[in-house]
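**Student:** Dropping the structure in here first, questions after.
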Amino acid sequence: MPRSTLSRFTVISGGARRFHLQHDGLQDELWSSLRQEAIDAYACAPMLGSLFMDSILNQPSFEAAVFHRVASRLKNDVVGLAVFVEASHRALAAQPSIGETLRADIAAVVERDPACERFLEPFLYFKGFHAIQTHRLAHWLWHNGERDLALYLQCRSSEVFQTDIHPAARLGRGIFLDHATGLVVGETAEIDDDVSLLHDVTLGGTGKEAGDRHPKIRQGATIGAGAKILGNIEVGAFARIAAGSIVLRSVAAYATVAGVPAKVIKTASHADAARRPGHIPGDLSYTSFDYFI
Ligand SMILES: CC(C)(COP(=O)(O)OP(=O)(O)OC[C@H]1O[C@@H](n2cnc3c(N)ncnc32)[C@H](O)[C@@H]1OP(=O)(O)O)[C@@H](O)C(=O)NCCC(=O)NCCS
């Protein structure tokens with residue numbers, strides 16, 4: 001493992017080094033770390049040199065790099081890379097806070113995915129991270145009068161990343177899509193900050209309601225693989241939905257539900273939930289994007 005990665009990784013649990021995720025002019029530590037990881041990776045895998053150069057080392061900023069990487073996966077013979085890159089420039093110029101959101105999302109992967117050791121990994125290879133960023137652009141376009149490009153992004157994301165997220169769905173920050181394959185998120189769904197979703201999750205309607213008809217997932221909840229959450233119901237903060245569950249009723253905060261239809265198998269207090277692996281520490285709240293690694 002490259003030296004810079006090793007030294008950072010050793011402080012990931014229980015370390016007290018403050019890692020600034022917020023873009024702060026010259027003090028863009030996340031971007032510096034990612035660039036260093038690319039340099040280290042280049043030394044180990046020179047055959048991927050053009051990937052590291054085009055995606056990271058020749059990019060002017062973290063934000064530009066993220067959208068360039070996503071665009072390079074979405075482009076095809078009909079709609080080229082420049083269309084997506086140019087749209088992302090418009091979105092970032094109009095709403096600079098998108099940059100903080102991208103940082104919280106990549107931090108969420110490194111923090112919560114035990115298989116992830118470097119920022120480089122979600123940035124270059126994980127389609128969950130790419131799908132979320134595609135949605136962030138589509139969401140901005142949707143709300144700024146560019147319905148067709150928004151829908152085209154949804155369409156391409158579903159082809160390339162196997163995720164189908166309606167552009168109108170509202171996503172908070174620090175969202176982690178693990179594997180991502182088969183994720184479906186309906187138009188009126190809401191996913192609050194710090195939520196983790198495994199593959200093959202559906203946040204859908206029951207087919208019996210119109211209008212506001214999709215689930216609302218509150219902060220810090222974890223939705224297991226294959227879970228289907230149907231209807232305009234709420235999954236409370238830090239609740240857990242077991243893999244394979246079908247959830248038809250609202251779930252209380254901190255509860256764990258499982259089965260078809262899902263029933264409560266565990267309840268927890270805030271303190272119990274805080275001890276669970278993967279729990280989001282208070283430092284990763286939406287008011288601050290500093291966290292400890
Ligand atoms: C829901 C979950 C978080 C519960 O973890 P936990 O708190 O450690 O719960 P336990 O393992 O102690 O199980 C408690 C009870 O729920 C049952 N249970 C757990 N997961 C279940 C599931 N997915 N479906 C049905 N029952 C389940 C257990 O059999 C056990 O029942 P018992 O008390 O009758 O023996 C975990 O089982 C889960 O589903 N995680 C999602 C993981 C995932 O999606 N992985 C995919 C990786 S690619």
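Chain labels A, B, ... are given in the sequence in which chains occur in the structure tokens; within each chain residues are numbered consecutively from 1, and ligands are likewise numbered from 1 in the order shown.
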Go through the chains and note each residue within 8 Å of ligand 1, using only C-alpha atoms and all ligand atoms, then give the set as a list in words.
**Tutor:**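 Sorted by chain and then by number, the residues are Asp178, His179, Leu198, His199, Thr222, Ile223, Gly224, Ala225, Gly226, Arg240, Ile241, Ala242, Ala243, Gly244, Ser245, Thr256, Val257, Ala258, Gly259, Ile265 and Lys266 of chain A.
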**Student:** How would the residues just chosen look if you wrote them out with C-alpha atoms as a CSV table (one decimal), in the first residue's frame?
**Tutor:**
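part_31.csv, freshly written:
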```csv
chain,number,residue,atom,x,y,z
A,178,ASP,CA,-23.0,0.6,-1.5
A,179,HIS,CA,-22.7,-1.4,-4.8
A,198,LEU,CA,-27.2,-1.1,-0.1
A,199,HIS,CA,-27.9,-2.5,-3.6
A,222,THR,CA,-29.4,2.2,6.9
A,223,ILE,CA,-31.4,0.3,4.3
A,224,GLY,CA,-30.2,-3.3,3.7
A,225,ALA,CA,-29.8,-5.0,0.4
A,226,GLY,CA,-33.0,-5.8,-1.5
A,240,ARG,CA,-32.2,0.0,10.2
A,241,ILE,CA,-34.1,-2.0,7.6
A,242,ALA,CA,-32.9,-5.6,7.3
A,243,ALA,CA,-31.9,-7.1,3.9
A,244,GLY,CA,-34.8,-8.4,1.9
A,245,SER,CA,-37.5,-6.7,4.0
A,256,THR,CA,-34.5,-2.3,13.4
A,257,VAL,CA,-37.2,-4.0,11.2
A,258,ALA,CA,-37.0,-7.2,9.2
A,259,GLY,CA,-39.2,-9.5,7.2
A,265,ILE,CA,-36.9,-6.9,15.7
A,266,LYS,CA,-35.0,-4.4,17.8
```
**Student:** If we count only C-alpha atoms and set the cut-off at 6 Å, which residues sit around region 97-113 of chain A, ignoring sequence neighbours fewer than 3 positions away in its own chain? Please answer as a PyMOL selection string.
**Tutor:** chain A and resi 63+116+173-176+278
**Student:** When DSSP works through the backbone of this structure, what residues of region 2-135 of chain A end up as helix (DSSP H, G or I), shown as a PyMOL selection string?
**Tutor:** chain A and resi 3-9+29-44+46-57+62-74+81-94+98-112+120-124+127-135
**Student:** Within 10 Å of Val251 (chain A), counting only C-alpha atoms, which residues qualify if same-chain residues fewer than 5 places away don't, as a PyMOL selection string?
**Tutor:** chain A and resi 217+233-237+239-241+256-257+262-264
**Student:** Go ahead and write the residues just picked, C-alpha atoms, as a PDB file, in the first residue's frame.
**Tutor:**
```pdb
ATOM      1  CA  ILE A 217     -35.781   8.288   4.841  1.00  0.00           C
ATOM      2  CA  ILE A 233     -44.079   6.397   4.933  1.00  0.00           C
ATOM      3  CA  GLU A 234     -41.180   7.492   7.107  1.00  0.00           C
ATOM      4  CA  VAL A 235     -38.101   5.546   8.096  1.00  0.00           C
ATOM      5  CA  GLY A 236     -36.970   7.318  11.254  1.00  0.00           C
ATOM      6  CA  ALA A 237     -33.518   8.635  12.035  1.00  0.00           C
ATOM      7  CA  ALA A 239     -33.387   3.151  11.872  1.00  0.00           C
ATOM      8  CA  ARG A 240     -32.166  -0.047  10.173  1.00  0.00           C
ATOM      9  CA  ILE A 241     -34.066  -2.001   7.551  1.00  0.00           C
ATOM     10  CA  THR A 256     -34.525  -2.281  13.369  1.00  0.00           C
ATOM     11  CA  VAL A 257     -37.162  -3.996  11.230  1.00  0.00           C
ATOM     12  CA  ALA A 262     -41.289  -5.931   8.031  1.00  0.00           C
ATOM     13  CA  LYS A 263     -41.738  -6.107  11.805  1.00  0.00           C
ATOM     14  CA  VAL A 264     -39.694  -4.542  14.588  1.00  0.00           C
TER      15      VAL A 264
END
```
**Student:** Which polymer residues have any atom within 12 Å of an atom of Tyr125 (chain A), counting only C-alpha atoms, with same-chain residues fewer than 3 positions away left out, as a PyMOL selection string?
**Tutor:** chain A and resi 51-52+55+66+69-70+73+106+109+116+118-122+128-131+161+179
**Student:** Please list as a ChimeraX atom specification every residue within 12 Å of Ala210 (chain A), counting only C-alpha atoms and excluding residues in the same chain fewer than 6 positions away.
**Tutor:** /A:186-188,204,231-232
